[in-house]
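One file, query.cif, carrying mmCIF, C-alpha atoms:
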```cif
data_entry
loop_
_atom_site.group_PDB
_atom_site.id
_atom_site.type_symbol
_atom_site.label_atom_id
_atom_site.label_comp_id
_atom_site.auth_asym_id
_atom_site.auth_seq_id
_atom_site.Cartn_x
_atom_site.Cartn_y
_atom_site.Cartn_z
ATOM 1 C CA MET K 28 34.763 -29.478 -46.953
ATOM 2 C CA THR K 29 34.461 -26.248 -44.964
ATOM 3 C CA ILE K 30 34.351 -26.726 -41.205
ATOM 4 C CA LEU K 31 31.691 -24.402 -39.815
ATOM 5 C CA LEU K 32 31.948 -22.736 -36.423
ATOM 6 C CA ALA K 33 28.909 -24.709 -35.257
ATOM 7 C CA ASP K 34 30.771 -27.993 -35.758
ATOM 8 C CA PRO K 35 31.372 -29.800 -32.426
ATOM 9 C CA VAL K 36 35.009 -30.258 -33.385
ATOM 10 C CA VAL K 37 35.499 -26.498 -32.923
ATOM 11 C CA ARG K 38 33.891 -26.459 -29.481
ATOM 12 C CA ALA K 39 36.082 -29.406 -28.468
ATOM 13 C CA VAL K 40 39.252 -27.320 -28.791
ATOM 14 C CA ARG K 41 40.475 -26.369 -25.319
ATOM 15 C CA VAL K 42 41.205 -22.773 -24.380
ATOM 16 C CA LEU K 43 44.228 -21.786 -22.325
ATOM 17 C CA ASP K 44 43.980 -18.002 -22.305
ATOM 18 C CA ASN K 45 47.403 -16.375 -22.276
ATOM 19 C CA GLY K 46 46.090 -13.145 -20.749
ATOM 20 C CA ASP K 47 46.890 -10.820 -23.634
ATOM 21 C CA PRO K 48 44.928 -7.617 -22.999
ATOM 22 C CA LEU K 49 42.510 -5.938 -25.351
ATOM 23 C CA VAL K 50 44.266 -2.997 -26.975
ATOM 24 C CA PRO K 51 43.103 -0.289 -29.390
ATOM 25 C CA LEU K 52 44.279 -0.494 -32.975
ATOM 26 C CA ASP K 53 46.177 2.693 -33.722
ATOM 27 C CA PHE K 54 44.986 2.678 -37.349
ATOM 28 C CA ALA K 55 41.323 1.818 -36.621
ATOM 29 C CA PRO K 56 39.703 4.201 -34.121
ATOM 30 C CA GLY K 57 37.343 2.517 -31.694
ATOM 31 C CA VAL K 58 38.435 -1.039 -32.525
ATOM 32 C CA LEU K 59 39.808 -3.269 -29.752
ATOM 33 C CA VAL K 60 41.573 -6.603 -30.285
ATOM 34 C CA ARG K 61 43.923 -8.816 -28.319
ATOM 35 C CA GLU K 62 47.492 -7.574 -28.227
ATOM 36 C CA GLY K 63 48.878 -10.566 -30.124
ATOM 37 C CA LEU K 64 46.404 -10.017 -32.928
ATOM 38 C CA ALA K 65 47.230 -6.306 -33.061
ATOM 39 C CA ARG K 66 50.916 -7.111 -33.559
ATOM 40 C CA ARG K 67 50.125 -9.485 -36.393
ATOM 41 C CA LEU K 68 47.944 -6.940 -38.132
ATOM 42 C CA ASP K 69 50.905 -4.556 -38.112
ATOM 43 C CA VAL K 70 53.007 -7.275 -39.752
ATOM 44 C CA ALA K 71 50.336 -7.786 -42.415
ATOM 45 C CA ARG K 72 50.085 -4.068 -43.155
ATOM 46 C CA ALA K 73 53.829 -3.867 -43.687
ATOM 47 C CA VAL K 74 53.795 -6.385 -46.542
ATOM 48 C CA LEU K 75 50.813 -5.003 -48.450
ATOM 49 C CA PRO K 76 51.539 -3.470 -51.865
ATOM 50 C CA SER K 77 52.397 0.212 -51.964
ATOM 51 C CA GLY K 78 49.280 2.359 -51.815
ATOM 52 C CA VAL K 79 47.149 -0.314 -50.134
ATOM 53 C CA ASP K 80 46.191 -0.602 -46.467
ATOM 54 C CA LEU K 81 43.799 -2.477 -44.184
ATOM 55 C CA ARG K 82 40.518 -1.019 -43.008
ATOM 56 C CA VAL K 83 39.370 -2.846 -39.883
ATOM 57 C CA ILE K 84 35.628 -2.448 -39.441
ATOM 58 C CA GLU K 85 35.150 -4.481 -36.282
ATOM 59 C CA GLY K 86 37.228 -6.291 -33.692
ATOM 60 C CA HIS K 87 36.061 -7.251 -30.214
ATOM 61 C CA ARG K 88 32.313 -7.685 -29.905
ATOM 62 C CA SER K 89 30.304 -7.906 -26.683
ATOM 63 C CA ILE K 90 28.303 -11.007 -25.797
ATOM 64 C CA ALA K 91 25.122 -8.915 -26.059
ATOM 65 C CA ASP K 92 25.990 -7.720 -29.564
ATOM 66 C CA GLN K 93 26.924 -11.234 -30.676
ATOM 67 C CA SER K 94 23.651 -12.599 -29.309
ATOM 68 C CA ALA K 95 21.651 -9.914 -31.101
ATOM 69 C CA ILE K 96 23.258 -10.741 -34.447
ATOM 70 C CA ILE K 97 22.600 -14.449 -33.931
ATOM 71 C CA GLU K 98 18.946 -13.837 -33.075
ATOM 72 C CA ARG K 99 18.370 -11.480 -35.992
ATOM 73 C CA TYR K 100 19.986 -13.731 -38.593
ATOM 74 C CA THR K 101 18.363 -16.890 -37.228
ATOM 75 C CA ALA K 102 14.966 -15.206 -37.551
ATOM 76 C CA GLU K 103 15.733 -14.465 -41.207
ATOM 77 C CA LEU K 104 16.768 -18.070 -41.773
ATOM 78 C CA ARG K 105 13.627 -19.371 -40.089
ATOM 79 C CA GLU K 106 11.581 -17.438 -42.647
ATOM 80 C CA LEU K 107 13.626 -18.859 -45.521
ATOM 81 C CA HIS K 108 13.750 -22.433 -44.184
ATOM 82 C CA PRO K 109 10.470 -23.028 -42.319
ATOM 83 C CA THR K 110 11.029 -26.792 -42.078
ATOM 84 C CA ALA K 111 14.561 -26.555 -40.634
ATOM 85 C CA ASP K 112 15.006 -27.762 -37.063
ATOM 86 C CA ALA K 113 17.115 -26.001 -34.414
ATOM 87 C CA VAL K 114 20.268 -27.946 -35.300
ATOM 88 C CA GLU K 115 20.016 -27.071 -38.988
ATOM 89 C CA LEU K 116 19.244 -23.435 -38.224
ATOM 90 C CA ALA K 117 22.317 -23.271 -35.995
ATOM 91 C CA ARG K 118 24.441 -24.762 -38.771
ATOM 92 C CA LEU K 119 23.119 -22.331 -41.354
ATOM 93 C CA SER K 120 23.499 -19.390 -38.990
ATOM 94 C CA SER K 121 27.134 -20.253 -38.265
ATOM 95 C CA ARG K 122 28.061 -19.579 -41.892
ATOM 96 C CA PHE K 123 27.624 -15.890 -41.045
ATOM 97 C CA VAL K 124 27.777 -15.507 -37.263
ATOM 98 C CA ALA K 125 29.572 -17.664 -34.712
ATOM 99 C CA PRO K 126 27.778 -19.434 -31.854
ATOM 100 C CA LEU K 127 28.499 -17.712 -28.542
ATOM 101 C CA ALA K 128 30.499 -20.636 -27.175
ATOM 102 C CA VAL K 129 33.172 -20.317 -29.854
ATOM 103 C CA ALA K 130 32.777 -16.740 -31.124
ATOM 104 C CA PRO K 131 36.171 -15.281 -32.102
ATOM 105 C CA HIS K 132 34.963 -11.677 -31.916
ATOM 106 C CA VAL K 133 33.845 -12.135 -28.291
ATOM 107 C CA ALA K 134 37.389 -13.295 -27.509
ATOM 108 C CA GLY K 135 38.932 -10.227 -29.158
ATOM 109 C CA ALA K 136 40.557 -12.681 -31.546
ATOM 110 C CA ALA K 137 38.935 -11.675 -34.836
ATOM 111 C CA VAL K 138 38.652 -8.744 -37.184
ATOM 112 C CA ASP K 139 36.296 -7.944 -40.020
ATOM 113 C CA LEU K 140 38.307 -5.981 -42.542
ATOM 114 C CA THR K 141 38.914 -5.044 -46.143
ATOM 115 C CA LEU K 142 41.487 -3.314 -48.325
ATOM 116 C CA VAL K 143 41.596 0.402 -49.046
ATOM 117 C CA THR K 144 43.775 2.799 -50.980
ATOM 118 C CA THR K 145 45.839 5.377 -49.122
ATOM 119 C CA SER K 146 43.072 7.880 -49.873
ATOM 120 C CA GLY K 147 40.569 5.620 -48.105
ATOM 121 C CA ALA K 148 38.693 4.203 -51.102
ATOM 122 C CA GLU K 149 37.693 0.575 -50.611
ATOM 123 C CA LEU K 150 39.008 -1.914 -53.152
ATOM 124 C CA TRP K 151 36.508 -4.180 -54.887
ATOM 125 C CA MET K 152 36.299 -7.536 -53.105
ATOM 126 C CA GLY K 153 33.271 -9.059 -54.836
ATOM 127 C CA THR K 154 30.732 -8.253 -52.112
ATOM 128 C CA ALA K 155 30.288 -5.749 -49.353
ATOM 129 C CA VAL K 156 31.679 -6.646 -45.951
ATOM 130 C CA ASP K 157 29.016 -8.530 -43.958
ATOM 131 C CA ALA K 158 26.988 -9.569 -47.004
ATOM 132 C CA THR K 159 25.140 -12.723 -45.996
ATOM 133 C CA PRO K 160 25.259 -15.887 -48.103
ATOM 134 C CA GLU K 161 21.669 -15.150 -49.132
ATOM 135 C CA GLU K 162 22.304 -11.518 -50.069
ATOM 136 C CA SER K 163 25.441 -12.317 -52.041
ATOM 137 C CA ASP K 164 24.291 -15.621 -53.561
ATOM 138 C CA GLY K 165 27.310 -17.238 -51.931
ATOM 139 C CA ALA K 166 29.864 -14.726 -53.246
ATOM 140 C CA CYS K 167 30.819 -13.924 -49.643
ATOM 141 C CA PHE K 168 32.603 -17.287 -49.456
ATOM 142 C CA PHE K 169 36.313 -16.645 -49.889
ATOM 143 C CA ASP K 170 36.719 -19.159 -52.725
ATOM 144 C CA ALA K 171 33.488 -18.228 -54.521
ATOM 145 C CA PRO K 172 33.709 -17.537 -58.261
ATOM 146 C CA VAL K 173 34.145 -13.772 -58.389
ATOM 147 C CA ASP K 174 35.522 -11.491 -61.083
ATOM 148 C CA ALA K 175 39.254 -11.121 -61.681
ATOM 149 C CA GLU K 176 39.587 -7.842 -59.788
ATOM 150 C CA ALA K 177 37.901 -9.200 -56.685
ATOM 151 C CA ARG K 178 39.908 -12.434 -56.839
ATOM 152 C CA HIS K 179 43.157 -10.492 -57.104
ATOM 153 C CA ASN K 180 42.265 -8.299 -54.143
ATOM 154 C CA ARG K 181 41.150 -11.245 -52.023
ATOM 155 C CA THR K 182 44.463 -12.926 -52.791
ATOM 156 C CA VAL K 183 46.418 -9.823 -51.768
ATOM 157 C CA LEU K 184 44.455 -9.718 -48.510
ATOM 158 C CA ALA K 185 44.950 -13.421 -47.850
ATOM 159 C CA ASP K 186 48.668 -13.394 -48.603
ATOM 160 C CA ALA K 187 49.289 -10.576 -46.123
ATOM 161 C CA LEU K 188 47.087 -11.909 -43.329
ATOM 162 C CA SER K 189 47.936 -15.594 -43.594
ATOM 163 C CA GLY K 190 51.606 -14.667 -43.771
ATOM 164 C CA ALA K 191 51.163 -12.894 -40.437
ATOM 165 C CA GLY K 192 49.609 -15.983 -38.849
ATOM 166 C CA LEU K 193 45.888 -15.269 -39.189
ATOM 167 C CA ILE K 194 43.316 -17.688 -40.583
ATOM 168 C CA ASN K 195 40.198 -16.960 -42.610
ATOM 169 C CA TYR K 196 36.687 -18.221 -41.926
ATOM 170 C CA PRO K 197 35.970 -19.508 -45.440
ATOM 171 C CA THR K 198 32.334 -18.390 -45.598
ATOM 172 C CA GLU K 199 33.315 -14.739 -44.996
ATOM 173 C CA TRP K 200 36.213 -13.343 -47.010
ATOM 174 C CA TRP K 201 36.497 -10.402 -44.580
ATOM 175 C CA HIS K 202 36.715 -12.411 -41.322
ATOM 176 C CA TRP K 203 40.214 -13.263 -40.080
ATOM 177 C CA SER K 204 41.319 -14.418 -36.665
ATOM 178 C CA TYR K 205 44.232 -15.382 -34.482
ATOM 179 C CA GLY K 206 44.257 -17.218 -31.163
ATOM 180 C CA ASP K 207 40.658 -18.482 -31.025
ATOM 181 C CA ARG K 208 39.385 -22.046 -31.199
ATOM 182 C CA TYR K 209 38.858 -21.996 -34.956
ATOM 183 C CA TRP K 210 42.393 -20.693 -35.466
ATOM 184 C CA ALA K 211 43.768 -23.442 -33.222
ATOM 185 C CA LEU K 212 41.882 -26.146 -35.109
ATOM 186 C CA LEU K 213 42.970 -25.020 -38.560
ATOM 187 C CA SER K 214 46.528 -24.099 -37.625
ATOM 188 C CA GLY K 215 47.198 -27.298 -35.685
ATOM 189 C CA ALA K 216 47.896 -25.483 -32.407
ATOM 190 C CA ASP K 217 47.500 -27.483 -29.202
ATOM 191 C CA ASN K 218 44.932 -25.056 -27.848
ATOM 192 C CA ALA K 219 43.294 -21.683 -28.328
ATOM 193 C CA VAL K 220 45.076 -18.858 -26.507
ATOM 194 C CA TYR K 221 42.106 -16.468 -26.363
ATOM 195 C CA GLY K 222 38.723 -17.058 -24.746
ATOM 196 C CA PRO K 223 35.849 -14.628 -24.086
ATOM 197 C CA VAL K 224 37.044 -11.329 -22.639
ATOM 198 C CA GLU K 225 35.402 -8.232 -21.211
ATOM 199 C CA VAL K 226 36.126 -4.714 -22.404
ATOM 200 C CA PRO K 227 38.366 -2.990 -19.811
ATOM 201 C CA ALA K 228 36.896 -0.171 -17.739
ATOM 202 C CA TRP K 229 39.013 2.492 -19.434
ATOM 203 C CA ALA K 230 37.534 1.594 -22.827
ATOM 204 C CA ARG K 231 33.881 1.707 -21.801
ATOM 205 C CA SER K 232 31.864 4.696 -22.833
#
```

Would it be possible to restate this file's structure as structure tokens?
Amino acid sequence: MTILLADPVVRAVRVLDNGDPLVPLDFAPGVLVREGLARRLDVARAVLPSGVDLRVIEGHRSIADQSAIIERYTAELRELHPTADAVELARLSSRFVAPLAVAPHVAGAAVDLTLVTTSGAELWMGTAVDATPEESDGACFFDAPVDAEARHNRTVLADALSGAGLINYPTEWWHWSYGDRYWALLSGADNAVYGPVEVPAWARS
């Protein structure tokens, strides 16, 4: 059974931040992630098949941006599930966006990404990045039944990223993280090494 980010077992993981700074990804302009994650993404890129690369769409996310996504998606869910209580809405919402308390993006520990050719064309992954479970009829789940091309490309992505030490959030094929609470839980680490972090002054517009 998939453990969702809203599960109390995720929040129970302790965080001992190792102080890795946020750094820009040299191959993804405007994207900041923790230094340890950046190194692992370089490892993953190096083992991808010839002619294939990563396109990172988002890394670190501010608390304000995370909150806005939560509010917007929860409002959509409230329309679809008018009888759901707050606990159920939080559970449903966490399939697509993490609660603030455990959000990997807010810690600079996660990336949303896909595969591209060297010319920049995105490979077919079965859904667009950020397609909700409702929009995609569940095809956004990593293990969803998708066509052979999408399954092959998801496998290529997973082999490279998991081999570099990242873990996938199973309801979003594009979401991979390292160092956050969810990573610690699934990898068996004693603790998360990244907690919430602010964007440094030099990176603010």

Kindly give the distance, in Å, that separates atom CA of Ala130 of chain K and atom CA of Ala39 of chain K, rounded to a single decimal.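 These atoms are spaced 13.4 Å apart.
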
Return as a VMD selection string the set of residues that the PyMOL selection byres ((chain K and resi 43-51) around 7) yields on the displayed structure. chain K and resid 41 to 42 52 to 53 57 to 63 135 218 to 222

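Surrounding residues of (52.7, -8.4, -37.1) at most 10 Å away are K:Gly63, K:Leu64, K:Ala65, K:Arg66, K:Arg67, K:Leu68, K:Asp69, K:Val70, K:Ala71, K:Arg72, K:Ala73, K:Val74, K:Ala187, K:Leu188, K:Gly190, K:Ala191, K:Gly192, K:Leu193 (based on all atoms listed in the file).
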
Residue subset to file, keeping C-alpha atoms, as an mmCIF file, keeping the file's coordinate frame:
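Final output, part.cif:
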```
data_model
loop_
_atom_site.group_PDB
_atom_site.id
_atom_site.type_symbol
_atom_site.label_atom_id
_atom_site.label_comp_id
_atom_site.auth_asym_id
_atom_site.auth_seq_id
_atom_site.Cartn_x
_atom_site.Cartn_y
_atom_site.Cartn_z
ATOM 1 C CA GLY K 63 48.878 -10.566 -30.124
ATOM 2 C CA LEU K 64 46.404 -10.017 -32.928
ATOM 3 C CA ALA K 65 47.230 -6.306 -33.061
ATOM 4 C CA ARG K 66 50.916 -7.111 -33.559
ATOM 5 C CA ARG K 67 50.125 -9.485 -36.393
ATOM 6 C CA LEU K 68 47.944 -6.940 -38.132
ATOM 7 C CA ASP K 69 50.905 -4.556 -38.112
ATOM 8 C CA VAL K 70 53.007 -7.275 -39.752
ATOM 9 C CA ALA K 71 50.336 -7.786 -42.415
ATOM 10 C CA ARG K 72 50.085 -4.068 -43.155
ATOM 11 C CA ALA K 73 53.829 -3.867 -43.687
ATOM 12 C CA VAL K 74 53.795 -6.385 -46.542
ATOM 13 C CA ALA K 187 49.289 -10.576 -46.123
ATOM 14 C CA LEU K 188 47.087 -11.909 -43.329
ATOM 15 C CA GLY K 190 51.606 -14.667 -43.771
ATOM 16 C CA ALA K 191 51.163 -12.894 -40.437
ATOM 17 C CA GLY K 192 49.609 -15.983 -38.849
ATOM 18 C CA LEU K 193 45.888 -15.269 -39.189
#
```

For this file, the PyMOL selection byres ((chain K and resi 76-93) around 8) selects which residues, as a PyMOL selection string? chain K and resi 55+58-60+72+74-75+94-97+124+127+132-145+225-226

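If you measure from each of K:Asp186, K:Trp151, K:Val36, K:Pro227 to Asp174 of chain K using only C-alpha atoms, the closest one turns out to be K:Trp151.
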
Exercise: Ala177 of chain K partners within 6 Å, all atoms listed in the file, chain neighbours under 2 positions left out, as a count of residues only: 7

Can you work out which one of K:Ala128, K:Leu213, K:Leu150, K:Ala185 has the shortest atom-to-atom distance to Asp170 of chain K, counting only C-alpha atoms?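 Among K:Ala128, K:Leu213, K:Leu150, K:Ala185, it is K:Ala185 that comes nearest to Asp170 of chain K.
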
Would you write out, as a ChimeraX atom specification, every residue that the PyMOL selection byres ((chain K and resi 109-122) around 8) captures in this file? /K:31-34,97,100-101,104-108,123-126,160,198-199
